[in-house]
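Peer 1: Next comes the structure file model35.csv, holding CSV, C-alpha atoms and all ligand atoms.
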chain,number,residue,atom,x,y,z
A,1,MET,CA,5.8,-23.0,-22.9
A,2,ASN,CA,9.4,-22.2,-23.5
A,3,LEU,CA,11.2,-18.9,-23.8
A,4,ASN,CA,11.8,-17.9,-27.5
A,5,GLU,CA,15.0,-16.3,-28.6
A,6,GLU,CA,13.8,-12.8,-28.3
A,7,GLN,CA,12.5,-13.4,-24.8
A,8,ILE,CA,15.8,-14.9,-23.8
A,9,GLU,CA,17.4,-11.6,-24.9
A,10,ARG,CA,14.7,-9.3,-23.5
A,11,TYR,CA,14.8,-11.0,-20.1
A,12,SER,CA,18.5,-11.8,-20.0
A,13,ARG,CA,19.2,-9.5,-17.0
A,14,HIS,CA,16.6,-11.4,-15.0
A,15,ILE,CA,17.8,-14.8,-16.3
A,16,LEU,CA,21.4,-13.9,-15.3
A,17,LEU,CA,20.2,-13.6,-11.7
A,18,LYS,CA,20.8,-16.9,-10.0
A,19,ASP,CA,17.7,-16.6,-7.9
A,20,VAL,CA,15.5,-15.9,-10.9
A,21,GLY,CA,16.8,-17.7,-13.9
A,22,VAL,CA,14.7,-19.1,-16.7
A,23,GLU,CA,12.4,-20.7,-14.2
A,24,GLY,CA,11.7,-17.5,-12.4
A,25,GLN,CA,11.1,-15.7,-15.7
A,26,MET,CA,8.6,-18.4,-16.7
A,27,LYS,CA,6.8,-17.8,-13.4
A,28,LEU,CA,6.6,-14.1,-14.2
A,29,LEU,CA,5.3,-14.8,-17.7
A,30,ASN,CA,2.6,-17.0,-16.3
A,31,ALA,CA,1.7,-14.7,-13.4
A,32,LYS,CA,-1.3,-12.4,-13.1
A,33,VAL,CA,-1.0,-9.1,-11.1
A,34,LEU,CA,-3.7,-6.5,-10.6
A,35,ILE,CA,-2.8,-2.9,-10.0
A,36,ILE,CA,-5.6,-0.9,-8.5
A,37,GLY,CA,-5.1,2.8,-9.3
A,38,ALA,CA,-3.2,4.0,-12.3
A,39,GLY,CA,-1.8,7.0,-10.4
A,40,GLY,CA,1.3,7.9,-8.5
A,41,LEU,CA,2.0,4.5,-7.2
A,42,GLY,CA,0.4,2.4,-9.9
A,43,ALA,CA,2.2,4.2,-12.7
A,44,PRO,CA,5.7,3.1,-11.9
A,45,ALA,CA,4.5,-0.3,-10.7
A,46,ALA,CA,2.7,-0.9,-14.0
A,47,MET,CA,5.8,0.1,-16.0
A,48,TYR,CA,8.2,-2.1,-14.1
A,49,LEU,CA,5.9,-5.1,-14.1
A,50,ALA,CA,5.3,-4.8,-17.8
A,51,ALA,CA,9.0,-4.5,-18.4
A,52,ALA,CA,9.6,-7.5,-16.2
A,53,GLY,CA,7.3,-9.6,-18.4
A,54,VAL,CA,4.5,-10.3,-15.9
A,55,GLY,CA,2.2,-12.1,-18.3
A,56,THR,CA,-1.1,-10.7,-17.4
A,57,ILE,CA,-1.4,-7.3,-15.7
A,58,GLY,CA,-4.8,-5.9,-14.8
A,59,ILE,CA,-5.1,-2.2,-14.2
A,60,ALA,CA,-8.2,-0.6,-12.6
A,61,ASP,CA,-9.0,3.1,-12.4
A,62,LYS,CA,-12.0,5.2,-13.3
A,63,ASP,CA,-10.2,8.5,-13.7
A,64,LYS,CA,-9.1,10.4,-16.8
A,65,VAL,CA,-5.6,11.9,-17.0
A,66,ASP,CA,-5.5,15.5,-15.7
A,67,ILE,CA,-2.6,18.0,-16.0
A,68,THR,CA,-2.0,17.9,-12.3
A,69,ASN,CA,-1.3,14.1,-12.5
A,70,LEU,CA,1.7,14.5,-14.8
A,71,GLN,CA,4.1,15.7,-12.0
A,72,ARG,CA,4.3,12.1,-10.7
A,73,GLN,CA,2.1,9.7,-12.7
A,74,ILE,CA,4.9,9.0,-15.2
A,75,ILE,CA,3.0,6.4,-17.3
A,76,HIS,CA,0.8,9.3,-18.6
A,77,PHE,CA,2.1,11.8,-21.0
A,78,THR,CA,1.0,15.4,-21.8
A,79,LYS,CA,-0.8,14.1,-24.9
A,80,ASP,CA,-2.9,11.9,-22.7
A,81,ILE,CA,-4.8,14.6,-20.9
A,82,ASP,CA,-8.5,13.8,-20.8
A,83,VAL,CA,-7.8,10.2,-21.9
A,84,GLU,CA,-8.9,7.3,-19.6
A,85,LYS,CA,-6.0,6.5,-17.3
A,86,VAL,CA,-6.4,2.7,-17.9
A,87,SER,CA,-6.2,3.3,-21.7
A,88,SER,CA,-3.2,5.6,-21.4
A,89,ALA,CA,-1.5,3.1,-19.1
A,90,LYS,CA,-2.2,0.1,-21.4
A,91,GLU,CA,-0.8,1.9,-24.4
A,92,LYS,CA,2.6,2.5,-22.7
A,93,MET,CA,2.7,-1.0,-21.1
A,94,ASN,CA,2.2,-2.6,-24.5
A,95,GLN,CA,4.9,-0.3,-26.0
A,96,ILE,CA,7.3,-1.3,-23.3
A,97,ASN,CA,6.6,-5.0,-23.7
A,98,PRO,CA,4.2,-6.6,-26.2
A,99,ASP,CA,4.5,-9.9,-24.4
A,100,VAL,CA,2.2,-8.6,-21.7
A,101,GLU,CA,-1.6,-8.9,-21.8
A,102,VAL,CA,-3.0,-5.8,-20.2
A,103,LYS,CA,-6.6,-6.0,-18.9
A,104,THR,CA,-8.3,-2.7,-18.1
A,105,TYR,CA,-11.0,-2.0,-15.7
A,106,ASN,CA,-12.4,1.5,-16.3
A,107,GLU,CA,-14.6,1.4,-13.2
A,108,PHE,CA,-14.9,2.3,-9.6
A,109,LEU,CA,-14.0,-0.7,-7.3
A,110,MET,CA,-16.7,-1.0,-4.8
A,111,ALA,CA,-18.0,-3.6,-2.3
A,112,ASN,CA,-20.2,-5.1,-5.0
A,113,ASN,CA,-17.6,-5.7,-7.7
A,114,ILE,CA,-14.2,-5.8,-6.2
A,115,ARG,CA,-14.2,-9.5,-5.2
A,116,GLU,CA,-15.1,-10.6,-8.8
A,117,ILE,CA,-12.4,-8.4,-10.3
A,118,ILE,CA,-9.5,-9.5,-8.0
A,119,ARG,CA,-10.4,-13.2,-8.2
A,120,GLY,CA,-8.0,-15.1,-10.3
A,121,TYR,CA,-5.1,-12.7,-9.8
A,122,ASP,CA,-2.0,-14.0,-8.0
A,123,PHE,CA,-1.1,-10.6,-6.4
A,124,VAL,CA,-2.7,-7.2,-6.0
A,125,ILE,CA,-1.0,-3.8,-5.8
A,126,ASP,CA,-2.9,-1.2,-3.9
A,127,GLY,CA,-2.1,2.1,-5.5
A,128,THR,CA,-5.2,3.9,-4.2
A,129,ASP,CA,-5.5,7.2,-2.4
A,130,SER,CA,-8.5,6.9,-0.2
A,131,PHE,CA,-8.6,5.0,3.1
A,132,ALA,CA,-12.1,3.6,2.2
A,133,SER,CA,-10.4,2.0,-0.8
A,134,LYS,CA,-7.5,0.8,1.2
A,135,PHE,CA,-9.7,-1.0,3.7
A,136,LEU,CA,-11.9,-2.3,0.9
A,137,ILE,CA,-8.9,-3.8,-0.9
A,138,ASN,CA,-7.5,-5.3,2.3
A,139,ASP,CA,-10.8,-6.9,3.3
A,140,ALA,CA,-11.5,-8.2,-0.3
A,141,CYS,CA,-8.0,-9.7,-0.6
A,142,VAL,CA,-8.2,-11.3,2.9
A,143,LEU,CA,-11.7,-12.8,2.1
A,144,GLU,CA,-10.4,-14.0,-1.3
A,145,GLY,CA,-7.0,-15.1,0.0
A,146,ILE,CA,-5.0,-13.0,-2.4
A,147,PRO,CA,-1.7,-11.5,-1.3
A,148,PHE,CA,-1.2,-7.8,-1.8
A,149,SER,CA,1.0,-4.8,-1.3
A,150,HIS,CA,-0.2,-1.8,0.6
A,151,GLY,CA,1.5,1.5,-0.2
A,152,GLY,CA,0.9,5.1,1.1
A,153,ILE,CA,2.6,8.4,0.6
A,154,LEU,CA,2.2,11.8,2.3
A,155,ARG,CA,4.3,14.8,1.5
A,156,PHE,CA,7.8,13.5,2.0
A,157,ASP,CA,6.9,10.2,3.7
A,158,GLY,CA,6.1,6.8,2.5
A,159,GLN,CA,5.0,3.4,3.9
A,160,THR,CA,4.5,-0.1,2.6
A,161,MET,CA,3.7,-3.6,3.8
A,162,THR,CA,3.0,-6.9,2.1
A,163,VAL,CA,0.1,-9.1,3.3
A,164,LYS,CA,-0.3,-12.8,2.8
A,165,PRO,CA,-3.9,-13.2,4.1
A,166,ASN,CA,-4.3,-15.2,7.2
A,167,ASP,CA,-0.6,-16.0,7.5
A,168,THR,CA,0.6,-12.5,8.2
A,169,ALA,CA,-0.8,-9.3,9.7
A,170,CYS,CA,-3.1,-7.4,7.4
A,171,TYR,CA,-3.7,-3.7,6.9
A,172,ARG,CA,-6.7,-3.8,9.2
A,173,CYS,CA,-4.6,-5.5,11.9
A,174,VAL,CA,-2.5,-2.4,12.0
A,175,PHE,CA,-4.8,0.4,11.1
A,176,ILE,CA,-8.1,-1.1,12.5
A,177,LYS,CA,-10.5,1.2,10.7
A,178,PRO,CA,-10.5,4.3,8.4
A,179,PRO,CA,-9.8,7.6,10.1
A,180,PRO,CA,-12.8,10.0,10.4
A,181,ALA,CA,-13.6,11.1,6.8
A,182,ASN,CA,-13.5,14.8,7.5
A,183,VAL,CA,-9.9,15.0,9.0
A,184,VAL,CA,-8.2,13.1,6.2
A,185,PRO,CA,-5.6,14.8,4.0
A,186,THR,CA,-4.9,12.6,1.0
A,187,CYS,CA,-2.2,13.1,-1.5
A,188,SER,CA,-4.5,15.1,-3.7
A,189,GLN,CA,-5.0,17.7,-0.9
A,190,ALA,CA,-1.7,17.5,0.9
A,191,GLY,CA,0.8,17.4,-1.8
A,192,VAL,CA,3.6,14.9,-2.5
A,193,LEU,CA,7.0,15.0,-4.0
A,194,GLY,CA,6.6,13.1,-7.3
A,195,ALA,CA,9.7,11.0,-7.0
A,196,ILE,CA,8.5,9.6,-3.6
A,197,ALA,CA,5.5,8.1,-5.4
A,198,GLY,CA,8.0,6.5,-7.7
A,199,MET,CA,10.1,5.1,-4.8
A,200,LEU,CA,7.0,3.6,-3.2
A,201,GLY,CA,5.4,2.2,-6.4
A,202,THR,CA,8.8,0.7,-7.3
A,203,ILE,CA,9.1,-1.0,-4.0
A,204,GLN,CA,5.6,-2.4,-4.5
A,205,ALA,CA,6.5,-3.7,-7.9
A,206,ALA,CA,9.6,-5.4,-6.4
A,207,GLU,CA,7.5,-7.0,-3.8
A,208,ALA,CA,5.2,-8.4,-6.5
A,209,LEU,CA,8.2,-9.8,-8.4
A,210,LYS,CA,9.7,-11.3,-5.3
A,211,PHE,CA,6.4,-12.9,-4.3
A,212,ILE,CA,5.9,-14.4,-7.8
A,213,THR,CA,9.4,-15.7,-8.2
A,214,GLY,CA,9.7,-16.8,-4.5
A,215,VAL,CA,12.9,-14.8,-4.1
A,216,GLY,CA,13.8,-13.3,-0.7
A,217,GLU,CA,11.4,-12.3,2.0
A,218,PRO,CA,8.4,-10.0,1.4
A,219,LEU,CA,7.6,-7.2,3.8
A,220,TYR,CA,5.5,-9.5,6.0
A,221,ASN,CA,4.5,-8.5,9.5
A,222,LYS,CA,6.3,-5.2,9.2
A,223,LEU,CA,5.7,-1.8,7.9
A,224,LEU,CA,8.6,-0.2,5.9
A,225,SER,CA,8.4,3.5,6.6
A,226,PHE,CA,10.6,6.2,5.2
A,227,ASP,CA,11.1,9.9,5.4
A,228,ALA,CA,12.6,11.2,2.2
A,229,LYS,CA,13.8,14.5,3.8
A,230,SER,CA,16.4,12.6,5.8
A,231,MET,CA,16.2,9.5,3.5
A,232,ARG,CA,15.9,7.4,6.6
A,233,PHE,CA,14.1,4.0,6.4
A,234,ARG,CA,12.6,2.2,9.4
A,235,GLU,CA,10.9,-1.1,9.8
A,236,ILE,CA,8.1,-1.4,12.4
A,237,LYS,CA,7.6,-5.1,13.2
A,238,PHE,CA,4.3,-6.5,14.5
A,239,LYS,CA,2.2,-9.6,14.5
A,240,LYS,CA,-1.3,-10.4,13.6
A,241,ASN,CA,-3.9,-8.5,15.7
A,242,ASP,CA,-6.0,-11.1,17.5
A,243,LYS,CA,-8.9,-8.5,17.5
A,244,CYS,CA,-8.6,-7.8,13.7
A,245,GLY,CA,-12.1,-7.3,12.2
A,246,VAL,CA,-11.3,-9.3,9.1
A,247,CYS,CA,-8.5,-11.8,9.6
A,248,SER,CA,-8.6,-12.9,13.3
A,249,GLU,CA,-10.6,-15.6,14.9
A,250,ASN,CA,-12.9,-12.9,16.2
A,251,ALA,CA,-13.4,-11.4,12.8
A,252,HIS,CA,-16.9,-9.9,12.2
A,253,ILE,CA,-16.4,-8.8,8.6
A,254,THR,CA,-17.6,-11.6,6.3
A,255,GLU,CA,-19.1,-9.4,3.6
A,256,LEU,CA,-17.8,-6.2,2.2
A,257,LYS,CA,-19.5,-2.8,2.5
A,258,ASP,CA,-18.6,0.6,1.2
A,259,GLU,CA,-17.1,2.9,3.9
A,260,GLU,CA,-17.8,6.6,4.0
A,261,GLN,CA,-15.4,8.3,1.6
A,262,ALA,CA,-13.2,11.1,2.6
A,263,ALA,CA,-14.3,14.3,1.0
A,264,CYS,CA,-12.0,15.2,-1.8
A,265,ASP,CA,-12.5,17.8,-4.5
A,266,LEU,CA,-9.4,17.3,-6.5
A,267,THR,CA,-8.3,14.3,-8.5
A,268,THR,CA,-5.0,12.6,-7.8
B,1,MET,CA,9.6,8.7,32.6
B,2,ARG,CA,11.5,7.1,29.8
B,3,LEU,CA,9.7,5.7,26.8
B,4,THR,CA,10.8,4.3,23.4
B,5,ILE,CA,8.8,6.2,20.8
B,6,ASN,CA,9.1,5.3,17.1
B,7,GLY,CA,12.3,3.5,18.0
B,8,LYS,CA,13.9,6.5,19.8
B,9,GLU,CA,14.4,6.9,23.5
B,10,GLU,CA,12.4,9.8,24.8
B,11,THR,CA,12.0,11.3,28.3
B,12,ILE,CA,8.6,12.7,29.3
B,13,GLU,CA,8.4,15.1,32.2
B,14,LYS,CA,5.5,13.3,33.8
B,15,ASN,CA,4.9,10.2,35.8
B,16,SER,CA,1.8,9.1,34.1
B,17,VAL,CA,0.3,10.0,30.8
B,18,THR,CA,-2.5,8.7,28.6
B,19,VAL,CA,-1.9,7.8,25.0
B,20,ALA,CA,-4.0,10.9,24.0
B,21,GLN,CA,-1.8,13.1,26.2
B,22,LEU,CA,1.3,11.5,24.8
B,23,LEU,CA,0.1,12.3,21.2
B,24,THR,CA,-0.3,16.0,22.2
B,25,GLU,CA,3.0,15.9,24.1
B,26,MET,CA,4.8,14.6,21.0
B,27,ASN,CA,3.2,17.3,18.8
B,28,VAL,CA,1.2,14.9,16.7
B,29,GLU,CA,-0.9,17.3,14.7
B,30,MET,CA,-3.7,15.0,13.8
B,31,PRO,CA,-4.2,12.2,16.4
B,32,ASP,CA,-7.0,10.8,14.3
B,33,MET,CA,-4.5,10.1,11.5
B,34,VAL,CA,-2.3,7.8,13.7
B,35,SER,CA,-2.6,4.2,14.7
B,36,VAL,CA,-0.9,3.6,18.0
B,37,GLU,CA,1.0,0.4,18.8
B,38,LEU,CA,1.8,0.0,22.5
B,39,ASN,CA,4.2,-2.8,23.4
B,40,GLY,CA,3.2,-4.7,20.4
B,41,ASP,CA,-0.6,-4.3,20.6
B,42,PHE,CA,-2.6,-1.9,18.4
B,43,LEU,CA,-5.0,0.3,20.2
B,44,GLU,CA,-8.6,1.3,19.3
B,45,ARG,CA,-8.7,5.0,18.6
B,46,GLU,CA,-11.6,5.4,21.2
B,47,ASN,CA,-9.3,4.1,23.9
B,48,TYR,CA,-6.5,6.7,23.5
B,49,ASP,CA,-8.0,8.7,26.4
B,50,GLY,CA,-8.3,5.8,28.8
B,51,ILE,CA,-5.0,3.9,28.4
B,52,GLU,CA,-1.9,5.1,30.3
B,53,VAL,CA,1.6,4.5,29.2
B,54,GLN,CA,4.2,3.3,31.7
B,55,GLU,CA,7.9,3.6,32.2
B,56,ASN,CA,9.9,1.7,29.5
B,57,ASP,CA,6.9,1.2,27.3
B,58,ARG,CA,7.5,0.9,23.6
B,59,VAL,CA,5.1,3.2,21.5
B,60,GLU,CA,4.8,3.4,17.8
B,61,PHE,CA,2.8,6.1,16.0
B,62,LEU,CA,1.9,4.8,12.6
B,63,TYR,CA,0.5,7.4,10.2
B,64,PHE,CA,-2.3,6.8,7.9
B,65,MET,CA,-1.0,7.4,4.4
B,66,GLY,CA,-3.0,7.4,1.2
B,67,GLY,CA,-1.6,9.0,-1.8
B,68,GLY,CA,-2.2,6.9,-4.9
B,69,SER,CA,-5.1,7.2,-7.2
B,70,LEU,CA,-8.7,7.8,-6.2
B,71,ILE,CA,-10.6,4.8,-7.5
B,72,GLY,CA,-13.7,4.5,-5.5
C,301,ZN,ZN,-6.0,-8.5,10.0
Just give me the structure as C-alpha cells.

Peer 2:
Amino acid sequence: MNLNEEQIERYSRHILLKDVGVEGQMKLLNAKVLIIGAGGLGAPAAMYLAAAGVGTIGIADKDKVDITNLQRQIIHFTKDIDVEKVSSAKEKMNQINPDVEVKTYNEFLMANNIREIIRGYDFVIDGTDSFASKFLINDACVLEGIPFSHGGILRFDGQTMTVKPNDTACYRCVFIKPPPANVVPTCSQAGVLGAIAGMLGTIQAAEALKFITGVGEPLYNKLLSFDAKSMRFREIKFKKNDKCGVCSENAHITELKDEEQAACDLTT
Amino acid sequence: MRLTINGKEETIEKNSVTVAQLLTEMNVEMPDMVSVELNGDFLERENYDGIEVQENDRVEFLYFMGGGSLIG
C-alpha cells in the first residue's frame, strides 16, 4: 500500500515531521486502536486519532448521548441527544476522515467479553469512569499483552500513564485494587471542568500515536499528574510492583471477574 | 520529622506517625481514594494503620481518578 495524492496532502503535517514521515503515516494507517468509552476522554481521543489517520478505530460504549454530556464530550452534538454514543462518534469520525474504518461496540465490556473485543488491537485507550472498568481493562490488557493508556480526571485534576504489559508497571501495580464502592466519587458525581477531559484525552491520543509510530518515550513507569488550577504538571516515577496481582511473578489473577461497581445514578 | 510528600519537603510535628495518621495530618479527605507509595513501594490499603513512616521517607499520595464514560 502506498499513500495516494490526497493522503499525501491530508497527512502532510505528519509527513513533514522527520520522526514520522511517510513511513510513520503508513504505520498509522495500518494500526488498530480501541477506545473504551465515548465520553469525556474518549471523545477528543477519537477525534484526534481519526484525524491522524489511524486506519482502524474501535469505539466501545453502551450509553446514549445525554444533555449533561455535551459540556465536555465534544464528539457529540446537541442533535445527537438520545442517539447511541458509538453511532454519534462514528458519524463524526467518518466526517473528519473517511480513510478510517470505525468499528462500534454498543455493549457493556465485562469480564466475559472484553478479552475477545480487545484482541487484535495494537493499543487500547481507557476512557472509562468506573474503577471496576479500569481494573478490568488493565487486567484484560495485561493478560492479552496489549499496551494501553490509563486516564483519570477529577474536578480540576488529571492523571495518565501508559502500560506495556509485563515490561512496565501496570495500573494494578500502582493502585492494587478498586477503592470501596461506596466511597467513590466519579466524574459523574463529582463534576469536572470540561476542558480538562480534553487535555487528558488528547494526551492519551498522543501516547497512542507515539506508540504506533515509535516516536519518543511513552509514559512508562510513571504517572503524569496535573492540577489545572495551578496548571502544574508532575511525574511520579515507579517500578513494577513485585506483589502485583496480575503482572508480577506472584500474580493470582489468571481469569477476569467483574468487580463490584461503584453506585452511580447519573450517566457521564 | 522531615518527610518528602508528593515531592515537597514537609515537617511533621511528631516523631513517629503511621501512614493512616499521616493521611489525616495532611488533610486527605478520603484515604480510601488514595494509593500510598512509601520509598518506592506501594502499600496495601489494609496496612495504612500498621506501617510507620520514618524521618526522610519519601511518600506519594496517588489519587484514584475515574472520569471518563461509564461502560460497564
Ligand atoms: Zn502490575

Peer 1: Residues within 8 Å of ligand ZN 301 (chain C) (all atoms listed in the file), as a list in words?

Peer 2: Val142, Pro165, Asn166, Thr168, Ala169, Cys170, Tyr171, Arg172, Cys173, Val174, Lys240, Asn241, Asp242, Cys244, Gly245, Val246, Cys247 and Ser248 of chain A

Peer 1: If the cut-off is 6 Å, can you tell me the residues of chain A near chain B, counting all atoms listed in the file? I'd like them as a list in words.

Peer 2: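 Every residue of chain A that passes the 6 Å test is in Gly37, Gly39, Gly40, Leu41, Asp61, Lys62, Phe108, Leu109, Gly127, Thr128, Asp129, Ser130, Gly152, Ile153, Leu154, Phe175, Pro179, Thr186, Cys187 and Thr268 of chain A.
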
Peer 1: Using all atoms listed in the file, which of the listed residues (A:Glu235, A:Glu6, A:Glu217, A:Glu249) sits closest to Asn97 (chain A)?

Peer 2: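 Comparing A:Glu235, A:Glu6, A:Glu217, A:Glu249 against Asn97 (chain A), the winner is A:Glu6.
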
Peer 1: So how many Å separate CA of Glu259 (chain A) and CA of Ile36 (chain A), to one decimal?

Peer 2: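 Computed distance, CA of Glu259 (chain A) to CA of Ile36 (chain A), equals 17.3 Å.
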
Peer 1: Select all residues near (-10.2, -12.1, -7.6) (cut-off 9 Å, inclusive, file coordinates), counting all atoms listed in the file, and output them as a list in words.

Peer 2: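 The answer, in the requested form, is Ile114, Arg115, Glu116, Ile117, Ile118, Arg119, Gly120, Tyr121, Asp122, Ala140, Cys141, Glu144, Gly145 and Ile146 of chain A.
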
Peer 1: What is the CA of Asp63 (chain A)-CA of Gly198 (chain A) distance in Å, reported with one decimal?

Peer 2: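 We find that CA of Asp63 (chain A) and CA of Gly198 (chain A) lie 19.3 Å from each other.
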